[in-house]
file my_file06.txt (compact mmCIF, C-alpha atoms)
# COMPACT_ATOMS: atom_id res chain seq x y z
CA MET A 90 -127.23 -98.45 -113.15
CA SER A 91 -127.88 -95.01 -114.63
CA LYS A 92 -124.57 -94.09 -116.24
CA LEU A 93 -125.46 -90.40 -116.67
CA LYS A 94 -127.00 -89.82 -113.26
CA GLY A 95 -126.55 -86.19 -112.21
CA LYS A 96 -125.25 -85.09 -115.63
CA VAL A 97 -126.80 -82.10 -117.38
CA ALA A 98 -127.37 -82.54 -121.11
CA LEU A 99 -128.36 -80.04 -123.79
CA VAL A 100 -129.86 -81.36 -127.04
CA THR A 101 -130.91 -79.05 -129.86
CA GLY A 102 -133.70 -80.03 -132.23
CA SER A 103 -135.03 -82.52 -129.70
CA GLY A 104 -138.77 -82.12 -130.15
CA ARG A 105 -139.04 -84.66 -132.93
CA GLY A 106 -137.28 -87.54 -134.67
CA ILE A 107 -133.65 -88.24 -133.89
CA GLY A 108 -133.33 -85.37 -131.40
CA ARG A 109 -136.32 -86.56 -129.38
CA ALA A 110 -134.87 -90.07 -129.30
CA ILE A 111 -131.52 -88.71 -128.11
CA ALA A 112 -133.14 -86.67 -125.33
CA LEU A 113 -135.21 -89.63 -124.12
CA LYS A 114 -132.18 -91.95 -124.23
CA LEU A 115 -130.01 -89.60 -122.18
CA ALA A 116 -132.85 -89.00 -119.72
CA SER A 117 -133.37 -92.76 -119.34
CA GLU A 118 -129.74 -92.98 -118.24
CA GLY A 119 -130.28 -90.37 -115.54
CA ALA A 120 -129.33 -87.09 -117.27
CA LYS A 121 -131.17 -83.83 -116.67
CA LEU A 122 -132.21 -82.39 -120.02
CA VAL A 123 -132.43 -79.00 -121.63
CA VAL A 124 -134.44 -79.69 -124.78
CA ASN A 125 -135.21 -77.48 -127.75
CA ASP A 126 -137.38 -77.32 -130.81
CA LEU A 127 -138.08 -74.66 -133.40
CA ASP A 128 -141.75 -74.94 -132.40
CA ALA A 129 -142.77 -74.73 -128.76
CA ALA A 130 -145.34 -77.54 -128.73
CA PRO A 131 -143.04 -80.49 -129.54
CA GLY A 132 -140.23 -79.13 -127.37
CA ASP A 133 -142.54 -78.70 -124.41
CA ALA A 134 -144.04 -82.16 -125.05
CA VAL A 135 -140.65 -83.88 -124.82
CA ALA A 136 -139.80 -82.04 -121.59
CA ALA A 137 -143.16 -83.12 -120.18
CA GLU A 138 -142.57 -86.71 -121.31
CA ILE A 139 -139.23 -86.82 -119.51
CA LYS A 140 -140.74 -85.38 -116.32
CA ALA A 141 -143.67 -87.81 -116.49
CA ALA A 142 -141.13 -90.66 -116.53
CA GLY A 143 -139.52 -89.32 -113.36
CA GLY A 144 -136.74 -87.27 -114.94
CA GLU A 145 -135.89 -83.60 -114.98
CA ALA A 146 -136.14 -81.38 -118.05
CA VAL A 147 -136.77 -77.85 -119.26
CA ALA A 148 -137.46 -76.61 -122.77
CA VAL A 149 -135.76 -73.66 -124.44
CA ASN A 150 -137.58 -73.41 -127.74
CA GLY A 151 -136.93 -71.31 -130.82
CA SER A 152 -134.52 -71.21 -133.72
CA VAL A 153 -130.94 -72.15 -132.89
CA SER A 154 -129.90 -69.65 -135.57
CA GLU A 155 -131.39 -66.66 -133.77
CA ALA A 156 -129.08 -64.14 -132.17
CA GLY A 157 -128.91 -64.73 -128.43
CA PHE A 158 -130.19 -68.31 -128.55
CA ALA A 159 -126.87 -69.86 -127.52
CA ASP A 160 -126.66 -67.80 -124.34
CA ARG A 161 -130.27 -68.62 -123.44
CA PHE A 162 -129.72 -72.31 -124.06
CA VAL A 163 -126.51 -72.65 -122.07
CA GLY A 164 -127.86 -70.31 -119.40
CA ALA A 165 -130.89 -72.55 -118.87
CA ALA A 166 -128.63 -75.47 -117.96
CA LEU A 167 -126.72 -73.40 -115.43
CA SER A 168 -129.73 -71.67 -113.88
CA ASN A 169 -132.01 -74.71 -113.69
CA PHE A 170 -129.55 -77.52 -112.99
CA GLU A 171 -126.29 -75.80 -112.00
CA GLY A 172 -124.27 -77.90 -114.41
CA LEU A 173 -123.18 -78.45 -117.99
CA ASP A 174 -121.91 -81.89 -118.94
CA ILE A 175 -123.19 -82.93 -122.38
CA ILE A 176 -123.90 -80.89 -125.49
CA VAL A 177 -125.48 -82.51 -128.55
CA ASN A 178 -125.71 -80.24 -131.60
CA ASN A 179 -128.49 -81.99 -133.50
CA ALA A 180 -130.87 -79.33 -134.85
CA GLY A 181 -131.14 -79.04 -138.59
CA TYR A 182 -133.04 -79.62 -141.80
CA THR A 183 -132.31 -79.89 -145.52
CA TRP A 184 -133.08 -77.33 -148.23
CA ASP A 185 -131.85 -78.92 -151.43
CA ALA A 186 -131.12 -77.74 -154.96
CA THR A 187 -128.47 -78.29 -157.58
CA ILE A 188 -125.81 -75.60 -157.42
CA GLN A 189 -127.04 -73.64 -160.44
CA LYS A 190 -130.48 -73.33 -158.83
CA MET A 191 -129.31 -72.76 -155.25
CA THR A 192 -129.82 -69.27 -153.85
CA ASP A 193 -127.56 -67.41 -151.47
CA GLU A 194 -130.36 -67.68 -148.88
CA GLN A 195 -130.44 -71.47 -149.19
CA PHE A 196 -126.69 -71.81 -148.87
CA GLN A 197 -126.43 -69.43 -145.92
CA SER A 198 -129.40 -70.99 -144.11
CA MET A 199 -127.71 -74.40 -144.13
CA LEU A 200 -124.47 -72.89 -142.81
CA ASP A 201 -126.38 -70.98 -140.12
CA VAL A 202 -128.26 -73.95 -138.67
CA HIS A 203 -125.66 -76.70 -139.11
CA LEU A 204 -122.41 -74.84 -138.44
CA VAL A 205 -122.84 -71.32 -137.06
CA ALA A 206 -125.41 -72.35 -134.43
CA PRO A 207 -123.22 -75.17 -133.00
CA PHE A 208 -120.25 -72.79 -133.00
CA ARG A 209 -122.20 -70.20 -131.00
CA ILE A 210 -123.47 -72.78 -128.50
CA LEU A 211 -119.99 -74.15 -127.93
CA ARG A 212 -118.56 -70.64 -127.61
CA ALA A 213 -121.23 -69.79 -125.02
CA ALA A 214 -120.35 -72.96 -123.09
CA ALA A 215 -116.60 -72.36 -123.17
CA GLU A 216 -116.24 -70.12 -120.14
CA PRO A 217 -118.57 -72.10 -117.82
CA ILE A 218 -116.75 -75.29 -118.79
CA ARG A 219 -113.36 -73.68 -118.19
CA VAL A 220 -114.39 -72.49 -114.73
CA MET A 221 -115.86 -75.85 -113.70
CA ALA A 222 -112.87 -77.77 -115.06
CA LYS A 223 -110.45 -75.52 -113.18
CA LYS A 224 -112.26 -76.09 -109.87
CA GLU A 225 -112.34 -79.84 -110.45
CA ALA A 226 -108.64 -79.93 -111.30
CA GLU A 227 -107.78 -77.94 -108.17
CA ALA A 228 -109.79 -80.45 -106.14
CA GLY A 229 -107.82 -83.29 -107.70
CA SER A 230 -110.78 -84.79 -109.56
CA GLU A 231 -111.01 -85.73 -113.22
CA VAL A 232 -114.49 -85.05 -114.62
CA PHE A 233 -115.17 -85.71 -118.30
CA ARG A 234 -117.66 -83.71 -120.34
CA LYS A 235 -119.04 -84.58 -123.76
CA VAL A 236 -119.76 -82.76 -126.99
CA VAL A 237 -121.40 -84.67 -129.83
CA ASN A 238 -121.87 -82.86 -133.13
CA ILE A 239 -124.23 -84.39 -135.66
CA SER A 240 -122.93 -84.63 -139.22
CA SER A 241 -123.96 -86.77 -142.17
CA ILE A 242 -122.48 -89.07 -144.77
CA ALA A 243 -123.26 -86.15 -147.11
CA GLY A 244 -120.68 -84.16 -145.15
CA LEU A 245 -118.10 -86.91 -145.54
CA TYR A 246 -118.67 -87.90 -149.16
CA GLY A 247 -120.90 -85.22 -150.68
CA ASN A 248 -124.36 -85.69 -152.15
CA ALA A 249 -125.82 -84.38 -155.39
CA GLY A 250 -128.26 -81.55 -154.76
CA GLN A 251 -126.84 -80.79 -151.33
CA ALA A 252 -123.89 -78.45 -151.87
CA SER A 253 -124.98 -76.26 -148.94
CA TYR A 254 -125.90 -79.06 -146.54
CA SER A 255 -122.81 -81.12 -147.38
CA SER A 256 -120.53 -78.09 -146.97
CA ALA A 257 -121.98 -77.25 -143.57
CA LYS A 258 -121.80 -80.83 -142.32
CA ALA A 259 -118.23 -81.22 -143.55
CA SER A 260 -117.25 -78.00 -141.77
CA LEU A 261 -118.77 -79.34 -138.57
CA VAL A 262 -116.23 -82.16 -138.66
CA GLY A 263 -113.46 -79.55 -138.76
CA LEU A 264 -115.01 -77.74 -135.80
CA THR A 265 -115.21 -81.04 -133.91
CA ARG A 266 -111.54 -81.85 -134.39
CA THR A 267 -110.45 -78.32 -133.51
CA LEU A 268 -112.47 -78.27 -130.27
CA CYS A 269 -111.03 -81.69 -129.39
CA LYS A 270 -107.59 -80.06 -129.36
CA GLU A 271 -108.67 -76.87 -127.61
CA TRP A 272 -110.79 -78.51 -124.91
CA GLY A 273 -108.76 -81.60 -124.12
CA ARG A 274 -107.17 -79.69 -121.25
CA TYR A 275 -110.66 -79.28 -119.78
CA LYS A 276 -111.33 -83.05 -120.05
CA VAL A 277 -113.98 -82.56 -122.74
CA ASN A 278 -114.43 -85.35 -125.31
CA VAL A 279 -115.53 -83.79 -128.60
CA ASN A 280 -116.77 -86.24 -131.21
CA CYS A 281 -119.05 -86.43 -134.20
CA VAL A 282 -121.72 -88.86 -135.42
CA ALA A 283 -122.40 -88.89 -139.17
CA PHE A 284 -125.76 -90.40 -140.01
CA GLY A 285 -126.65 -92.37 -143.09
CA LEU A 286 -130.28 -93.04 -143.94
CA ILE A 287 -132.37 -92.64 -140.78
CA ASN A 288 -136.14 -92.88 -141.14
CA THR A 289 -137.61 -89.53 -140.06
CA ARG A 290 -140.06 -87.00 -141.49
CA LEU A 291 -137.17 -85.49 -143.48
CA THR A 292 -136.51 -88.80 -145.26
CA GLN A 293 -140.08 -90.02 -145.68
CA PRO A 294 -140.99 -91.27 -149.17
CA ILE A 295 -142.52 -88.64 -151.42
CA GLU A 296 -146.01 -89.73 -152.38
CA THR A 297 -148.37 -87.97 -154.79
CA GLN A 298 -147.77 -84.59 -153.16
CA GLN A 299 -144.47 -83.64 -151.55
CA LYS A 300 -144.78 -82.58 -147.93
CA THR A 301 -143.24 -79.44 -146.50
CA ILE A 302 -142.12 -78.18 -143.13
CA ASP A 303 -142.37 -74.60 -141.94
CA VAL A 304 -139.03 -72.99 -141.07
CA ALA A 305 -139.20 -69.32 -140.15
CA GLY A 306 -142.22 -68.80 -142.42
CA ARG A 307 -140.69 -70.69 -145.35
CA ASP A 308 -142.22 -73.90 -146.68
CA ILE A 309 -139.30 -76.29 -147.12
CA LYS A 310 -139.91 -79.44 -149.16
CA VAL A 311 -138.96 -82.67 -147.39
CA GLY A 312 -138.90 -86.30 -148.37
CA VAL A 313 -137.06 -88.59 -150.76
CA GLN A 314 -138.22 -90.17 -154.01
CA PRO A 315 -139.31 -93.79 -153.34
CA GLN A 316 -137.00 -95.18 -156.01
CA MET A 317 -134.04 -93.42 -154.40
CA LEU A 318 -134.98 -94.83 -150.99
CA GLU A 319 -135.19 -98.30 -152.52
CA ALA A 320 -131.76 -97.88 -154.12
CA MET A 321 -130.26 -96.68 -150.85
CA GLY A 322 -131.81 -99.61 -149.03
CA ARG A 323 -130.08 -101.99 -151.44
CA MET A 324 -126.75 -100.27 -150.78
CA ILE A 325 -127.01 -100.59 -147.00
CA PRO A 326 -125.47 -103.90 -145.86
CA LEU A 327 -127.98 -104.21 -143.02
CA GLY A 328 -130.77 -103.88 -145.59
CA ARG A 329 -132.76 -100.90 -144.29
CA GLY A 330 -132.66 -97.38 -142.97
CA GLY A 331 -132.09 -96.85 -139.27
CA THR A 332 -134.63 -95.86 -136.64
CA PRO A 333 -134.35 -92.67 -134.57
CA GLU A 334 -133.70 -94.88 -131.54
CA GLU A 335 -130.76 -96.58 -133.27
CA ALA A 336 -129.41 -93.15 -134.20
CA ALA A 337 -129.73 -92.06 -130.58
CA ASP A 338 -127.80 -95.11 -129.42
CA ALA A 339 -124.83 -94.04 -131.57
CA VAL A 340 -124.86 -90.60 -129.96
CA TYR A 341 -125.14 -92.16 -126.51
CA LEU A 342 -121.90 -94.08 -127.11
CA PHE A 343 -120.05 -90.76 -127.15
CA CYS A 344 -121.94 -89.50 -124.07
CA SER A 345 -121.18 -92.51 -121.91
CA PRO A 346 -118.23 -92.93 -119.53
CA GLU A 347 -116.85 -95.63 -121.85
CA SER A 348 -115.84 -92.87 -124.30
CA ASN A 349 -113.68 -90.96 -121.80
CA TYR A 350 -110.49 -91.59 -123.78
CA ILE A 351 -112.03 -91.09 -127.23
CA SER A 352 -111.99 -87.63 -128.75
CA GLY A 353 -111.83 -85.96 -132.15
CA GLN A 354 -113.47 -88.91 -133.87
CA VAL A 355 -116.23 -89.31 -136.45
CA ILE A 356 -118.34 -92.45 -136.37
CA VAL A 357 -120.75 -93.31 -139.19
CA CYS A 358 -124.14 -94.61 -138.08
CA GLY A 359 -125.42 -95.92 -141.38
CA GLY A 360 -125.96 -99.65 -141.25
CA GLY A 361 -122.60 -100.31 -142.90
CA LEU A 362 -123.18 -97.95 -145.84
CA ILE A 363 -119.88 -96.97 -147.41
CA VAL A 364 -120.27 -94.50 -150.29
call {"tool": "encode", "arguments": {"input": "my_file06.txt", "output": "structure tokens"}}
result
Amino acid sequence: MSKLKGKVALVTGSGRGIGRAIALKLASEGAKLVVNDLDAAPGDAVAAEIKAAGGEAVAVNGSVSEAGFADRFVGAALSNFEGLDIIVNNAGYTWDATIQKMTDEQFQSMLDVHLVAPFRILRAAAEPIRVMAKKEAEAGSEVFRKVVNISSIAGLYGNAGQASYSSAKASLVGLTRTLCKEWGRYKVNVNCVAFGLINTRLTQPIETQQKTIDVAGRDIKVGVQPQMLEAMGRMIPLGRGGTPEEAADAVYLFCSPESNYISGQVIVCGGGLIV
């Protein structure tokens, strides 16, 4: 049985890695997807992959931090699928430095993508959700909607070299718990998944030359020193980093009907890692 049949889901940063796995997981359970990537090619590819498998999807690509993106993103769900049931705020990247070397641009960029963008998307969704919830209540039906914000163990416990990223991810937990209280009357479950070490291009081992990703014309270094990855692996009770698919499964838990009476919670998907 497809537990999300007929639901409309929005997933930011879903052209690659964890976001792609989340989009494919929700689509496999029957959801109609609005996907997004900073670059058009991977976003379009995921939408095409979902459609090729018999699902429904559209891509709204571009930076989640851009002015007007939130309205375009939410609007695509309403105009294409006439619904809005699941929002997963997943888009993001890391831009690390110790605090004495961190620029204002670095700090603000992390806040913009990890905190301000989710805030804007949720604000854009507020009125459509209110209207739909009111109609459902008047009809005597109880329909649950889901918001899943993606945080990190860095947001819960801090991480050296990530003052900006950790601050943004910690703030997202506060936003999650506030929206839980504001939107409970609309039957919206608002929860948060904090990831530990998940194996993606952002956490790949640094080899002889560190790789970079292009974000708005800036080359951002990505990857983790092999010795640090080995140390983290030893700290994880399950003995390894997680896969994007395992990360997506944790998000799906909060999107499924089984979570209808769970809200305002943070679950750590980290293989048992406790910092």
call {"tool": "closest_residue", "arguments": {"input": "my_file06.txt", "among": "A:Val202, A:Arg212, A:Ala142, A:Pro326", "to": "A:Ile239", "atoms": "only C-alpha atoms"}}
result
A:Val202
call {"tool": "residues_around", "arguments": {"input": "my_file06.txt", "residues": "stretch 130-141 of chain A", "least_positions_apart": "4", "cutoff": "8 Å", "atoms": "all atoms listed in the file", "output": "PyMOL selection string"}}
result
chain A and resi 103-105+109+113+116+122-126+145-150
call {"tool": "atom_distance", "arguments": {"input": "my_file06.txt", "atom1": "atom CA of A:Ala120", "atom2": "atom CA of A:Pro207"}}
result
20.7 Å
call {"tool": "residues_around", "arguments": {"input": "my_file06.txt", "residues": "A:Pro346", "least_positions_apart": "3", "cutoff": "9 Å", "atoms": "only C-alpha atoms", "output": "short mmCIF file (atom, residue, chain, number, x, y, z; two decimals) with C-alpha atoms, in the frame of the given file"}}
result
data_model
loop_
_atom_site.label_atom_id
_atom_site.label_comp_id
_atom_site.auth_asym_id
_atom_site.auth_seq_id
_atom_site.Cartn_x
_atom_site.Cartn_y
_atom_site.Cartn_z
CA LYS A 92 -124.57 -94.09 -116.24
CA LEU A 93 -125.46 -90.40 -116.67
CA PHE A 233 -115.17 -85.71 -118.30
CA LEU A 342 -121.90 -94.08 -127.11
CA PHE A 343 -120.05 -90.76 -127.15
CA ASN A 349 -113.68 -90.96 -121.80
CA TYR A 350 -110.49 -91.59 -123.78
#
call {"tool": "closest_residue", "arguments": {"input": "my_file06.txt", "among": "A:Ala206, A:Leu318, A:Cys358, A:Ala259", "to": "A:Tyr246", "atoms": "all atoms listed in the file"}}
result
A:Ala259
call {"tool": "residues_around", "arguments": {"input": "my_file06.txt", "residues": "A:Lys258", "least_positions_apart": "6", "cutoff": "12 Å", "atoms": "only C-alpha atoms", "output": "PyMOL selection string"}}
result
chain A and resi 178-183+199-205+207+238-248+251-252+264-265+281-284+355
call {"tool": "closest_residue", "arguments": {"input": "my_file06.txt", "among": "A:Gly331, A:Gly263, A:Gly95, A:Gly250", "to": "A:Asp185", "atoms": "only C-alpha atoms"}}
result
A:Gly250
call {"tool": "atom_distance", "arguments": {"input": "my_file06.txt", "atom1": "atom CA of A:Lys114", "atom2": "atom CA of A:Ile363"}}
result
26.7 Å
call {"tool": "closest_residue", "arguments": {"input": "my_file06.txt", "among": "A:Val340, A:Val97, A:Val237, A:Val364", "to": "A:Ser352", "atoms": "only C-alpha atoms"}}
result
A:Val237
call {"tool": "residues_around", "arguments": {"input": "my_file06.txt", "residues": "A:Ser198", "least_positions_apart": "6", "cutoff": "9 Å", "atoms": "all atoms listed in the file", "output": "PyMOL selection string"}}
result
chain A and resi 154+184+253
call {"tool": "atom_distance", "arguments": {"input": "my_file06.txt", "atom1": "atom CA of A:Leu362", "atom2": "atom CA of A:Gly106"}}
result
20.8 Å
call {"tool": "closest_residue", "arguments": {"input": "my_file06.txt", "among": "A:Ser168, A:Ala337, A:Lys270, A:Ile210", "to": "A:Leu115", "atoms": "all atoms listed in the file"}}
result
A:Ala337
call {"tool": "closest_residue", "arguments": {"input": "my_file06.txt", "among": "A:Gly359, A:Gly322, A:Gly143, A:Pro217", "to": "A:Asp174", "atoms": "only C-alpha atoms"}}
result
A:Pro217
call {"tool": "residues_around", "arguments": {"input": "my_file06.txt", "residues": "A:Ile218", "least_positions_apart": "3", "cutoff": "12 Å", "atoms": "only C-alpha atoms", "output": "number ranges by chain"}}
result
A: 163, 166-167, 171-176, 211-215, 221-226, 232-236, 272-277
call {"tool": "decode", "arguments": {"input": "my_file06.txt", "residues": "stretch 332-359 of chain A", "atoms": "N, CA and C atoms", "output": "PDB file, in the first residue's frame"}}
result
ATOM      1  N   THR A 332      24.023   5.804   4.630  1.00  0.00           N
ATOM      2  CA  THR A 332      23.800   6.044   3.200  1.00  0.00           C
ATOM      3  C   THR A 332      22.703   7.091   3.025  1.00  0.00           C
ATOM      4  N   PRO A 333      22.656   7.744   1.870  1.00  0.00           N
ATOM      5  CA  PRO A 333      21.555   8.685   1.619  1.00  0.00           C
ATOM      6  C   PRO A 333      20.185   8.028   1.764  1.00  0.00           C
ATOM      7  N   GLU A 334      20.091   6.766   1.386  1.00  0.00           N
ATOM      8  CA  GLU A 334      18.810   6.063   1.485  1.00  0.00           C
ATOM      9  C   GLU A 334      18.402   5.860   2.947  1.00  0.00           C
ATOM     10  N   GLU A 335      19.375   5.579   3.808  1.00  0.00           N
ATOM     11  CA  GLU A 335      19.070   5.433   5.232  1.00  0.00           C
ATOM     12  C   GLU A 335      18.667   6.776   5.833  1.00  0.00           C
ATOM     13  N   ALA A 336      19.302   7.841   5.364  1.00  0.00           N
ATOM     14  CA  ALA A 336      18.917   9.183   5.807  1.00  0.00           C
ATOM     15  C   ALA A 336      17.487   9.490   5.384  1.00  0.00           C
ATOM     16  N   ALA A 337      17.150   9.121   4.157  1.00  0.00           N
ATOM     17  CA  ALA A 337      15.804   9.370   3.635  1.00  0.00           C
ATOM     18  C   ALA A 337      14.760   8.601   4.429  1.00  0.00           C
ATOM     19  N   ASP A 338      15.103   7.405   4.868  1.00  0.00           N
ATOM     20  CA  ASP A 338      14.161   6.611   5.656  1.00  0.00           C
ATOM     21  C   ASP A 338      13.805   7.326   6.964  1.00  0.00           C
ATOM     22  N   ALA A 339      14.789   7.992   7.575  1.00  0.00           N
ATOM     23  CA  ALA A 339      14.514   8.723   8.818  1.00  0.00           C
ATOM     24  C   ALA A 339      13.542   9.868   8.571  1.00  0.00           C
ATOM     25  N   VAL A 340      13.705  10.555   7.454  1.00  0.00           N
ATOM     26  CA  VAL A 340      12.793  11.640   7.102  1.00  0.00           C
ATOM     27  C   VAL A 340      11.399  11.083   6.828  1.00  0.00           C
ATOM     28  N   TYR A 341      11.351   9.961   6.126  1.00  0.00           N
ATOM     29  CA  TYR A 341      10.062   9.342   5.807  1.00  0.00           C
ATOM     30  C   TYR A 341       9.261   9.010   7.061  1.00  0.00           C
ATOM     31  N   LEU A 342       9.931   8.619   8.137  1.00  0.00           N
ATOM     32  CA  LEU A 342       9.221   8.318   9.383  1.00  0.00           C
ATOM     33  C   LEU A 342       8.323   9.471   9.800  1.00  0.00           C
ATOM     34  N   PHE A 343       8.819  10.709   9.633  1.00  0.00           N
ATOM     35  CA  PHE A 343       8.054  11.883  10.023  1.00  0.00           C
ATOM     36  C   PHE A 343       7.057  12.327   8.949  1.00  0.00           C
ATOM     37  N   CYS A 344       7.110  11.706   7.779  1.00  0.00           N
ATOM     38  CA  CYS A 344       6.153  12.021   6.715  1.00  0.00           C
ATOM     39  C   CYS A 344       5.006  11.023   6.666  1.00  0.00           C
ATOM     40  N   SER A 345       5.165   9.918   7.352  1.00  0.00           N
ATOM     41  CA  SER A 345       4.187   8.831   7.277  1.00  0.00           C
ATOM     42  C   SER A 345       3.020   9.065   8.226  1.00  0.00           C
ATOM     43  N   PRO A 346       1.903   8.398   7.992  1.00  0.00           N
ATOM     44  CA  PRO A 346       0.738   8.532   8.880  1.00  0.00           C
ATOM     45  C   PRO A 346       1.024   8.090  10.309  1.00  0.00           C
ATOM     46  N   GLU A 347       2.029   7.233  10.493  1.00  0.00           N
ATOM     47  CA  GLU A 347       2.356   6.756  11.837  1.00  0.00           C
ATOM     48  C   GLU A 347       2.878   7.868  12.744  1.00  0.00           C
ATOM     49  N   SER A 348       3.237   9.016  12.175  1.00  0.00           N
ATOM     50  CA  SER A 348       3.747  10.129  12.982  1.00  0.00           C
ATOM     51  C   SER A 348       2.676  11.187  13.255  1.00  0.00           C
ATOM     52  N   ASN A 349       1.426  10.862  13.056  1.00  0.00           N
ATOM     53  CA  ASN A 349       0.357  11.861  13.183  1.00  0.00           C
ATOM     54  C   ASN A 349       0.220  12.466  14.580  1.00  0.00           C
ATOM     55  N   TYR A 350       0.714  11.785  15.604  1.00  0.00           N
ATOM     56  CA  TYR A 350       0.619  12.360  16.951  1.00  0.00           C
ATOM     57  C   TYR A 350       2.012  12.663  17.520  1.00  0.00           C
ATOM     58  N   ILE A 351       2.954  12.881  16.602  1.00  0.00           N
ATOM     59  CA  ILE A 351       4.319  13.255  16.996  1.00  0.00           C
ATOM     60  C   ILE A 351       4.618  14.615  16.388  1.00  0.00           C
ATOM     61  N   SER A 352       4.995  15.568  17.219  1.00  0.00           N
ATOM     62  CA  SER A 352       5.305  16.899  16.701  1.00  0.00           C
ATOM     63  C   SER A 352       6.265  17.616  17.634  1.00  0.00           C
ATOM     64  N   GLY A 353       7.077  18.497  17.059  1.00  0.00           N
ATOM     65  CA  GLY A 353       8.033  19.264  17.840  1.00  0.00           C
ATOM     66  C   GLY A 353       9.252  18.479  18.283  1.00  0.00           C
ATOM     67  N   GLN A 354       9.525  17.372  17.612  1.00  0.00           N
ATOM     68  CA  GLN A 354      10.600  16.484  18.047  1.00  0.00           C
ATOM     69  C   GLN A 354      11.819  16.555  17.123  1.00  0.00           C
ATOM     70  N   VAL A 355      12.964  16.206  17.701  1.00  0.00           N
ATOM     71  CA  VAL A 355      14.210  16.088  16.936  1.00  0.00           C
ATOM     72  C   VAL A 355      14.715  14.660  17.075  1.00  0.00           C
ATOM     73  N   ILE A 356      14.905  13.992  15.969  1.00  0.00           N
ATOM     74  CA  ILE A 356      15.446  12.630  15.992  1.00  0.00           C
ATOM     75  C   ILE A 356      16.822  12.673  15.348  1.00  0.00           C
ATOM     76  N   VAL A 357      17.790  11.994  15.959  1.00  0.00           N
ATOM     77  CA  VAL A 357      19.140  11.926  15.412  1.00  0.00           C
ATOM     78  C   VAL A 357      19.274  10.666  14.566  1.00  0.00           C
ATOM     79  N   CYS A 358      19.642  10.853  13.316  1.00  0.00           N
ATOM     80  CA  CYS A 358      19.916   9.742  12.411  1.00  0.00           C
ATOM     81  C   CYS A 358      21.434   9.693  12.252  1.00  0.00           C
ATOM     82  N   GLY A 359      22.082   8.913  13.124  1.00  0.00           N
ATOM     83  CA  GLY A 359      23.534   8.935  13.138  1.00  0.00           C
ATOM     84  C   GLY A 359      24.176   7.620  13.535  1.00  0.00           C
TER      85      GLY A 359
END
